[in-house]
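Source file query.txt; content: compact mmCIF, C-alpha atoms.
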```
# COMPACT_ATOMS: atom_id res chain seq x y z
CA MET A 1 -29.58 32.29 -52.75
CA LYS A 2 -25.81 32.35 -52.38
CA VAL A 3 -23.94 30.70 -55.24
CA GLY A 4 -20.52 29.15 -54.59
CA GLN A 5 -17.87 27.57 -56.72
CA ILE A 6 -16.35 24.11 -56.43
CA PRO A 7 -13.58 22.62 -58.57
CA ALA A 8 -15.21 20.93 -61.56
CA LYS A 9 -13.31 17.67 -61.04
CA ALA A 10 -13.80 17.49 -57.27
CA ASP A 11 -15.25 14.23 -55.97
CA THR A 12 -17.51 15.45 -53.19
CA GLN A 13 -18.07 11.97 -51.75
CA LYS A 14 -14.32 11.36 -51.47
CA GLN A 15 -13.97 14.73 -49.78
CA ALA A 16 -16.72 13.91 -47.28
CA ASP A 17 -15.18 10.50 -46.52
CA PHE A 18 -11.71 11.99 -46.13
CA LEU A 19 -13.01 14.67 -43.77
CA GLU A 20 -14.86 12.20 -41.53
CA GLN A 21 -12.50 9.23 -41.62
CA GLU A 22 -9.04 10.80 -41.92
CA LEU A 23 -8.98 14.48 -41.04
CA LYS A 24 -11.37 14.86 -38.11
CA PRO A 25 -9.81 12.04 -36.02
CA ARG A 26 -6.36 13.62 -36.43
CA ILE A 27 -7.72 17.04 -35.55
CA GLU A 28 -9.11 15.65 -32.30
CA GLU A 29 -5.77 14.02 -31.47
CA ALA A 30 -3.99 17.30 -32.21
CA LYS A 31 -6.35 19.16 -29.88
CA GLN A 32 -5.52 16.63 -27.17
CA GLY A 33 -1.78 17.08 -27.73
CA LYS A 34 -1.34 13.53 -29.04
CA ARG A 35 0.07 14.60 -32.43
CA GLN A 36 1.24 17.63 -34.35
CA LEU A 37 -1.04 18.30 -37.33
CA LEU A 38 0.23 20.58 -40.07
CA PHE A 39 -1.13 21.69 -43.43
CA MET A 40 1.44 22.14 -46.19
CA ASP A 41 1.26 24.02 -49.47
CA ALA A 42 3.27 26.42 -51.62
CA SER A 43 2.31 29.85 -52.88
CA HIS A 44 4.12 31.58 -55.70
CA PHE A 45 3.85 35.33 -55.23
CA VAL A 46 4.58 37.24 -58.44
CA LEU A 47 5.83 40.83 -58.34
CA ALA A 48 3.19 42.28 -60.65
CA ILE A 49 0.21 44.58 -60.48
CA PHE A 50 -3.01 43.12 -59.02
CA ILE A 51 -5.80 45.67 -59.29
CA GLY A 52 -8.91 45.53 -57.16
CA TYR A 53 -12.15 47.32 -58.03
CA LEU A 54 -12.02 50.94 -59.12
CA TRP A 55 -14.63 53.35 -60.48
CA SER A 56 -13.39 56.47 -62.21
CA PHE A 57 -14.69 59.01 -64.74
CA SER A 58 -11.20 59.54 -66.11
CA ARG A 59 -8.37 57.24 -67.13
CA ILE A 60 -5.98 56.38 -64.31
CA PHE A 61 -2.50 54.97 -64.79
CA VAL A 62 -1.16 52.64 -62.13
CA LYS A 63 2.52 51.87 -61.65
CA SER A 64 3.47 48.31 -62.46
CA PRO A 65 6.78 46.50 -61.79
CA SER A 66 8.70 45.31 -64.82
CA GLY A 67 9.52 41.65 -65.42
CA ARG A 68 7.98 38.63 -63.70
CA GLN A 69 10.03 38.21 -60.55
CA ARG A 70 8.59 35.80 -58.03
CA TYR A 71 8.87 34.88 -54.37
CA SER A 72 7.86 31.29 -53.62
CA VAL A 73 6.92 30.22 -50.11
CA LEU A 74 6.46 26.60 -49.10
CA GLY A 75 4.78 26.56 -45.73
CA ALA A 76 3.54 24.14 -43.08
CA LEU A 77 0.88 25.63 -40.81
CA ASN A 78 0.24 24.08 -37.40
CA ALA A 79 -3.51 23.53 -37.13
CA ILE A 80 -3.61 24.20 -33.38
CA THR A 81 -0.91 26.78 -32.61
CA LEU A 82 -0.95 28.53 -36.03
CA GLU A 83 2.85 28.48 -36.05
CA LEU A 84 4.21 28.58 -39.58
CA VAL A 85 7.41 26.88 -40.75
CA THR A 86 8.62 27.89 -44.21
CA VAL A 87 11.15 27.33 -46.96
CA THR A 88 11.45 30.25 -49.39
CA THR A 89 13.08 30.79 -52.75
CA ASP A 90 13.15 33.26 -55.64
CA ALA A 91 12.94 30.27 -57.99
CA TYR A 92 10.59 27.27 -58.03
CA ILE A 93 9.56 24.90 -55.29
CA ASN A 94 10.69 21.32 -55.89
CA ALA A 95 11.08 18.00 -54.07
CA ARG A 96 14.25 19.20 -52.37
CA SER A 97 12.31 22.15 -50.95
CA VAL A 98 9.72 19.75 -49.52
CA ILE A 99 12.41 17.53 -47.98
CA GLU A 100 14.05 20.59 -46.42
CA LEU A 101 10.74 21.62 -44.85
CA LEU A 102 10.06 18.10 -43.57
CA ASP A 103 13.48 18.11 -41.89
CA LYS A 104 12.63 21.41 -40.20
CA LEU A 105 9.39 19.91 -38.89
CA ALA A 106 11.13 16.76 -37.67
CA ASP A 107 13.62 18.89 -35.76
CA LYS A 108 10.97 21.24 -34.33
CA TYR A 109 8.66 18.45 -33.15
CA LYS A 110 11.29 15.84 -32.30
CA GLY A 111 9.86 12.79 -30.53
CA GLN A 112 6.25 13.63 -31.37
CA LEU A 113 3.75 12.17 -33.82
CA ILE A 114 3.66 14.41 -36.88
CA THR A 115 1.06 14.42 -39.65
CA VAL A 116 1.38 16.69 -42.66
CA VAL A 117 -1.71 17.23 -44.79
CA LEU A 118 -0.84 18.13 -48.38
CA ASP A 119 -2.09 18.02 -51.94
CA ASN A 120 -0.96 15.87 -54.83
CA ALA A 121 1.53 18.22 -56.49
CA ARG A 122 4.20 16.17 -58.27
CA TYR A 123 7.04 17.59 -56.22
CA GLN A 124 5.22 16.47 -53.06
CA ARG A 125 3.80 13.11 -54.07
CA CYS A 126 7.03 11.67 -55.40
CA LYS A 127 9.21 8.78 -54.25
CA PRO A 128 12.11 10.85 -52.81
CA VAL A 129 9.72 12.88 -50.64
CA MET A 130 7.64 9.91 -49.49
CA ASP A 131 10.72 7.81 -48.75
CA HIS A 132 12.31 10.63 -46.76
CA ALA A 133 9.12 11.27 -44.79
CA ALA A 134 8.95 7.59 -43.83
CA GLU A 135 12.62 7.61 -42.87
CA ILE A 136 12.21 10.54 -40.44
CA GLY A 137 8.85 9.35 -39.11
CA ILE A 138 6.46 11.90 -40.61
CA GLU A 139 3.03 10.78 -41.82
CA LEU A 140 2.04 12.34 -45.14
CA LEU A 141 -1.74 12.56 -45.49
CA PHE A 142 -2.60 13.35 -49.10
CA LEU A 143 -5.82 15.17 -49.80
CA PRO A 144 -8.31 13.91 -52.39
CA SER A 145 -7.64 15.50 -55.76
CA TYR A 146 -9.03 19.02 -56.28
CA SER A 147 -9.66 19.68 -52.59
CA PRO A 148 -8.19 23.10 -51.71
CA ASN A 149 -11.19 23.63 -49.42
CA LEU A 150 -9.75 20.96 -47.09
CA ASN A 151 -6.29 22.51 -46.88
CA LEU A 152 -6.20 25.02 -44.04
CA ILE A 153 -3.15 26.87 -45.34
CA GLU A 154 -5.02 27.86 -48.51
CA ARG A 155 -6.90 30.39 -46.36
CA LEU A 156 -3.59 31.86 -45.27
CA TRP A 157 -2.41 32.38 -48.85
CA LYS A 158 -5.68 34.14 -49.69
CA TYR A 159 -5.20 36.41 -46.66
CA VAL A 160 -1.63 37.27 -47.67
CA LYS A 161 -2.68 38.08 -51.23
CA ASN A 162 -5.42 40.39 -49.97
CA GLN A 163 -3.03 42.11 -47.58
CA CYS A 164 0.08 42.34 -49.75
CA LEU A 165 -0.76 42.03 -53.44
CA TYR A 166 -4.03 43.66 -54.38
CA CYS A 167 -3.84 47.43 -54.96
CA ARG A 168 -0.19 47.52 -53.83
CA TYR A 169 2.92 48.69 -55.64
CA TYR A 170 6.44 47.59 -54.70
CA GLU A 171 9.40 49.21 -56.36
CA THR A 172 11.78 46.36 -55.61
CA LEU A 173 11.65 42.62 -55.07
CA SER A 174 13.22 43.06 -51.63
CA SER A 175 10.40 45.35 -50.45
CA PHE A 176 7.86 42.91 -51.91
CA LYS A 177 9.43 39.99 -50.03
CA ALA A 178 9.66 42.02 -46.83
CA ALA A 179 5.93 42.79 -46.94
CA ILE A 180 5.05 39.11 -47.40
CA ASN A 181 7.44 37.98 -44.67
CA ASP A 182 6.01 40.57 -42.28
CA CYS A 183 2.49 39.37 -43.05
CA LEU A 184 3.53 35.78 -42.28
CA THR A 185 5.21 36.65 -38.97
CA ASP A 186 3.57 35.85 -35.61
CA LEU A 187 0.33 34.58 -37.11
CA GLU A 188 -0.85 33.31 -33.74
CA THR A 189 -1.08 36.91 -32.46
CA LYS A 190 -3.18 38.28 -35.33
CA SER A 191 -6.91 38.32 -34.65
CA ALA A 192 -7.82 38.34 -38.34
CA ILE A 193 -5.91 35.09 -38.84
CA LYS A 194 -7.49 33.42 -35.82
CA SER A 195 -10.97 34.07 -37.19
CA LEU A 196 -9.98 32.57 -40.56
CA MET A 197 -8.19 29.50 -39.27
CA THR A 198 -11.02 27.71 -37.54
CA LEU A 199 -10.96 23.94 -37.93
CA LYS A 200 -14.31 23.91 -39.66
CA PHE A 201 -14.10 22.71 -43.22
CA GLN A 202 -16.73 23.27 -45.86
CA ALA A 203 -18.43 20.08 -46.95
CA LEU A 204 -19.05 20.55 -50.66
CA ARG A 205 -22.09 19.32 -52.48
CA ASN A 206 -22.40 18.60 -56.17
CA ALA A 207 -23.49 21.56 -58.23
CA SER A 208 -27.02 21.41 -59.57
```
Let's see the structure in the file written out as structure tokens.
Amino acid sequence: MKVGQIPAKADTQKQADFLEQELKPRIEEAKQGKRQLLFMDASHFVLAIFIGYLWSFSRIFVKSPSGRQRYSVLGALNAITLELVTVTTDAYINARSVIELLDKLADKYKGQLITVVLDNARYQRCKPVMDHAAEIGIELLFLPSYSPNLNLIERLWKYVKNQCLYCRYYETLSSFKAAINDCLTDLETKSAIKSLMTLKFQALRNAS
């Protein structure tokens, strides 16, 4: 029997209701070209050593960068085209970052219905962001709490970490950022991404 993990505080009934009543209807409209559906989230990539699995009969020393430099990427992934729009920073993502990304989406999809699916991070679910979204005509669709399984872009961050972080050494922050940016470029042409980004979402059940 395969054992999986679900967030301890996840409300599986709320997730199921959200999937059926909110997300699936918007997915169908996006497939029909009636709206642009995007999934938003931030990932904070830290320039540090992330070791995979290694068996050895002798001690092995692995190079590790010094300090805790980071590269933060706030992204919005188009559910249909897999185009990615980003705001990046070497510091922290905040409400201004979210507003900047919303403006980019409004400009890119001018005149179209836009829905952005996102979690309940404080810098996203705050009055300045919600007011600005309403002002520029973007619908913010907030996920139920503890529902990363319903946010498509979470799969992308996992892919990037596997490709760029684990068992990799970068001497400089610039080379680290370049590797991540390259991984995030032209997602719609990468077969590995296409197989990950299906619009099938796992319906969680309570652990027994």
All residues 8 Å or closer to Ile93 in chain A, all atoms listed in the file, same chain fewer than 6 positions away omitted, as a PyMOL selection string: chain A and resi 42+72-74+123
Would you mind telling me which residue in A:Leu150, A:Val160, A:Ala179, A:Ala48 lies nearest to Phe201 in chain A when using all atoms listed in the file? A:Leu150
Restricting the calculation to only C-alpha atoms, which member of A:Ala91, A:Ala178, A:Leu82, A:Leu165 is positioned closest to Lys190 in chain A? A:Leu82
Using all atoms listed in the file, the shortest atom-to-atom distance to Gly137 in chain A among A:Glu171, A:Glu154, A:Asp119, A:Asp107 belongs to A:Asp107
Ranking A:Asp41, A:Glu29, A:Asp17, A:Asp90 by minimum distance to Lys177 in chain A and counting only C-alpha atoms, which one comes first?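 Smallest distance to Lys177 in chain A is found for A:Asp90.
Proximity to Ala79 in chain A was assessed for A:Ala10, A:Leu143, A:Ala30, A:Leu23 counting all atoms listed in the file; the smallest distance is recorded for A:Ala30.
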CA of Leu84 in chain A to CA of Ala134 in chain A, straight-line distance in Å: 21.9 Å
For a quick check of understanding, using all atoms listed in the file, which of A:Phe45, A:Ala106, A:Thr189, A:Glu22 has the smallest distance to Asn162 in chain A?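 Counting all atoms listed in the file, the residue closest to Asn162 in chain A is A:Phe45.
One distance worth recording is that between CA of Leu184 in chain A and CA of Pro25 in chain A, which is 27.9 Å.
Relative to CA of Lys108 in chain A, CA of Asn78 in chain A is found at 11.5 Å.
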Taking every listed atom of range 82-95 of chain A and adding 6 Å to each side, what centre and edge lengths in Å (one decimal) does the axis-aligned box have, as lines of an AutoDock Vina configuration file?
```
center_x = 6.1
center_y = 25.6
center_z = -47.0
size_x = 26.1
size_y = 27.3
size_z = 34.0
```
Please tell me which residues are no farther than 12 Å from (5.3, 8.7, -43.1) in the file, counting all atoms listed in the file, and write them as a PDB file with C-alpha atoms, keeping the file's coordinate frame.
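Dumped to out12.pdb:
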```pdb
ATOM      1  CA  LEU A 102      10.060  18.100 -43.570  1.00  0.00           C
ATOM      2  CA  ALA A 106      11.130  16.760 -37.670  1.00  0.00           C
ATOM      3  CA  LEU A 113       3.750  12.170 -33.820  1.00  0.00           C
ATOM      4  CA  ILE A 114       3.660  14.410 -36.880  1.00  0.00           C
ATOM      5  CA  THR A 115       1.060  14.420 -39.650  1.00  0.00           C
ATOM      6  CA  VAL A 116       1.380  16.690 -42.660  1.00  0.00           C
ATOM      7  CA  VAL A 117      -1.710  17.230 -44.790  1.00  0.00           C
ATOM      8  CA  ARG A 125       3.800  13.110 -54.070  1.00  0.00           C
ATOM      9  CA  LYS A 127       9.210   8.780 -54.250  1.00  0.00           C
ATOM     10  CA  VAL A 129       9.720  12.880 -50.640  1.00  0.00           C
ATOM     11  CA  MET A 130       7.640   9.910 -49.490  1.00  0.00           C
ATOM     12  CA  ASP A 131      10.720   7.810 -48.750  1.00  0.00           C
ATOM     13  CA  HIS A 132      12.310  10.630 -46.760  1.00  0.00           C
ATOM     14  CA  ALA A 133       9.120  11.270 -44.790  1.00  0.00           C
ATOM     15  CA  ALA A 134       8.950   7.590 -43.830  1.00  0.00           C
ATOM     16  CA  GLU A 135      12.620   7.610 -42.870  1.00  0.00           C
ATOM     17  CA  ILE A 136      12.210  10.540 -40.440  1.00  0.00           C
ATOM     18  CA  GLY A 137       8.850   9.350 -39.110  1.00  0.00           C
ATOM     19  CA  ILE A 138       6.460  11.900 -40.610  1.00  0.00           C
ATOM     20  CA  GLU A 139       3.030  10.780 -41.820  1.00  0.00           C
ATOM     21  CA  LEU A 140       2.040  12.340 -45.140  1.00  0.00           C
ATOM     22  CA  LEU A 141      -1.740  12.560 -45.490  1.00  0.00           C
ATOM     23  CA  PHE A 142      -2.600  13.350 -49.100  1.00  0.00           C
TER      24      PHE A 142
END
```
Would you pick out the contacts of Lys104 in chain A at 10 Å or less, using all atoms listed in the file, so that residues sharing its chain but fewer than 4 positions from it are not included, and give the list as an MDAnalysis selection string? chainID A and resid 76 85:87 98:100 108:110
Would you fill out range 25-49 of chain A with N, CA and C atoms and return it as an mmCIF file, in the coordinates of the input?
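This went into part_26.cif:
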```
data_model
loop_
_atom_site.group_PDB
_atom_site.id
_atom_site.type_symbol
_atom_site.label_atom_id
_atom_site.label_comp_id
_atom_site.auth_asym_id
_atom_site.auth_seq_id
_atom_site.Cartn_x
_atom_site.Cartn_y
_atom_site.Cartn_z
ATOM 1 N N PRO A 25 -10.473 12.759 -37.115
ATOM 2 C CA PRO A 25 -9.810 12.040 -36.020
ATOM 3 C C PRO A 25 -8.440 12.616 -35.675
ATOM 4 N N ARG A 26 -7.692 13.036 -36.685
ATOM 5 C CA ARG A 26 -6.360 13.620 -36.430
ATOM 6 C C ARG A 26 -6.470 15.006 -35.812
ATOM 7 N N ILE A 27 -7.497 15.736 -36.177
ATOM 8 C CA ILE A 27 -7.720 17.040 -35.550
ATOM 9 C C ILE A 27 -7.983 16.874 -34.064
ATOM 10 N N GLU A 28 -8.811 15.890 -33.714
ATOM 11 C CA GLU A 28 -9.110 15.650 -32.300
ATOM 12 C C GLU A 28 -7.850 15.245 -31.535
ATOM 13 N N GLU A 29 -7.018 14.403 -32.136
ATOM 14 C CA GLU A 29 -5.770 14.020 -31.470
ATOM 15 C C GLU A 29 -4.845 15.222 -31.317
ATOM 16 N N ALA A 30 -4.828 16.092 -32.305
ATOM 17 C CA ALA A 30 -3.990 17.300 -32.210
ATOM 18 C C ALA A 30 -4.486 18.211 -31.094
ATOM 19 N N LYS A 31 -5.790 18.346 -30.960
ATOM 20 C CA LYS A 31 -6.350 19.160 -29.880
ATOM 21 C C LYS A 31 -5.985 18.612 -28.515
ATOM 22 N N GLN A 32 -5.854 17.285 -28.435
ATOM 23 C CA GLN A 32 -5.520 16.630 -27.170
ATOM 24 C C GLN A 32 -4.012 16.560 -26.926
ATOM 25 N N GLY A 33 -3.236 17.090 -27.875
ATOM 26 C CA GLY A 33 -1.780 17.080 -27.730
ATOM 27 C C GLY A 33 -1.142 15.747 -28.050
ATOM 28 N N LYS A 34 -1.868 14.863 -28.734
ATOM 29 C CA LYS A 34 -1.340 13.530 -29.040
ATOM 30 C C LYS A 34 -0.545 13.499 -30.346
ATOM 31 N N ARG A 35 -0.694 14.523 -31.194
ATOM 32 C CA ARG A 35 0.070 14.600 -32.430
ATOM 33 C C ARG A 35 0.149 16.052 -32.865
ATOM 34 N N GLN A 36 1.129 16.322 -33.714
ATOM 35 C CA GLN A 36 1.240 17.630 -34.350
ATOM 36 C C GLN A 36 0.632 17.501 -35.749
ATOM 37 N N LEU A 37 -0.346 18.338 -36.043
ATOM 38 C CA LEU A 37 -1.040 18.300 -37.330
ATOM 39 C C LEU A 37 -0.739 19.589 -38.094
ATOM 40 N N LEU A 38 -0.163 19.430 -39.276
ATOM 41 C CA LEU A 38 0.230 20.580 -40.070
ATOM 42 C C LEU A 38 -0.337 20.478 -41.486
ATOM 43 N N PHE A 39 -0.637 21.623 -42.057
ATOM 44 C CA PHE A 39 -1.130 21.690 -43.430
ATOM 45 C C PHE A 39 -0.074 22.361 -44.288
ATOM 46 N N MET A 40 0.344 21.667 -45.355
ATOM 47 C CA MET A 40 1.440 22.140 -46.190
ATOM 48 C C MET A 40 0.944 22.542 -47.575
ATOM 49 N N ASP A 41 1.541 23.604 -48.101
ATOM 50 C CA ASP A 41 1.260 24.020 -49.470
ATOM 51 C C ASP A 41 2.262 25.105 -49.839
ATOM 52 N N ALA A 42 2.390 25.352 -51.136
ATOM 53 C CA ALA A 42 3.270 26.420 -51.620
ATOM 54 C C ALA A 42 2.439 27.501 -52.281
ATOM 55 N N SER A 43 2.920 28.739 -52.155
ATOM 56 C CA SER A 43 2.310 29.850 -52.880
ATOM 57 C C SER A 43 3.416 30.589 -53.619
ATOM 58 N N HIS A 44 3.128 30.936 -54.858
ATOM 59 C CA HIS A 44 4.120 31.580 -55.700
ATOM 60 C C HIS A 44 3.671 33.028 -55.932
ATOM 61 N N PHE A 45 4.230 33.930 -55.162
ATOM 62 C CA PHE A 45 3.850 35.330 -55.230
ATOM 63 C C PHE A 45 4.639 36.019 -56.344
ATOM 64 N N VAL A 46 3.935 36.606 -57.288
ATOM 65 C CA VAL A 46 4.580 37.240 -58.440
ATOM 66 C C VAL A 46 4.571 38.751 -58.248
ATOM 67 N N LEU A 47 5.724 39.370 -58.451
ATOM 68 C CA LEU A 47 5.830 40.830 -58.340
ATOM 69 C C LEU A 47 5.218 41.445 -59.597
ATOM 70 N N ALA A 48 3.937 41.727 -59.517
ATOM 71 C CA ALA A 48 3.190 42.280 -60.650
ATOM 72 C C ALA A 48 2.054 43.121 -60.069
ATOM 73 N N ILE A 49 1.307 43.747 -60.940
ATOM 74 C CA ILE A 49 0.210 44.580 -60.480
ATOM 75 C C ILE A 49 -1.066 43.746 -60.382
#
```
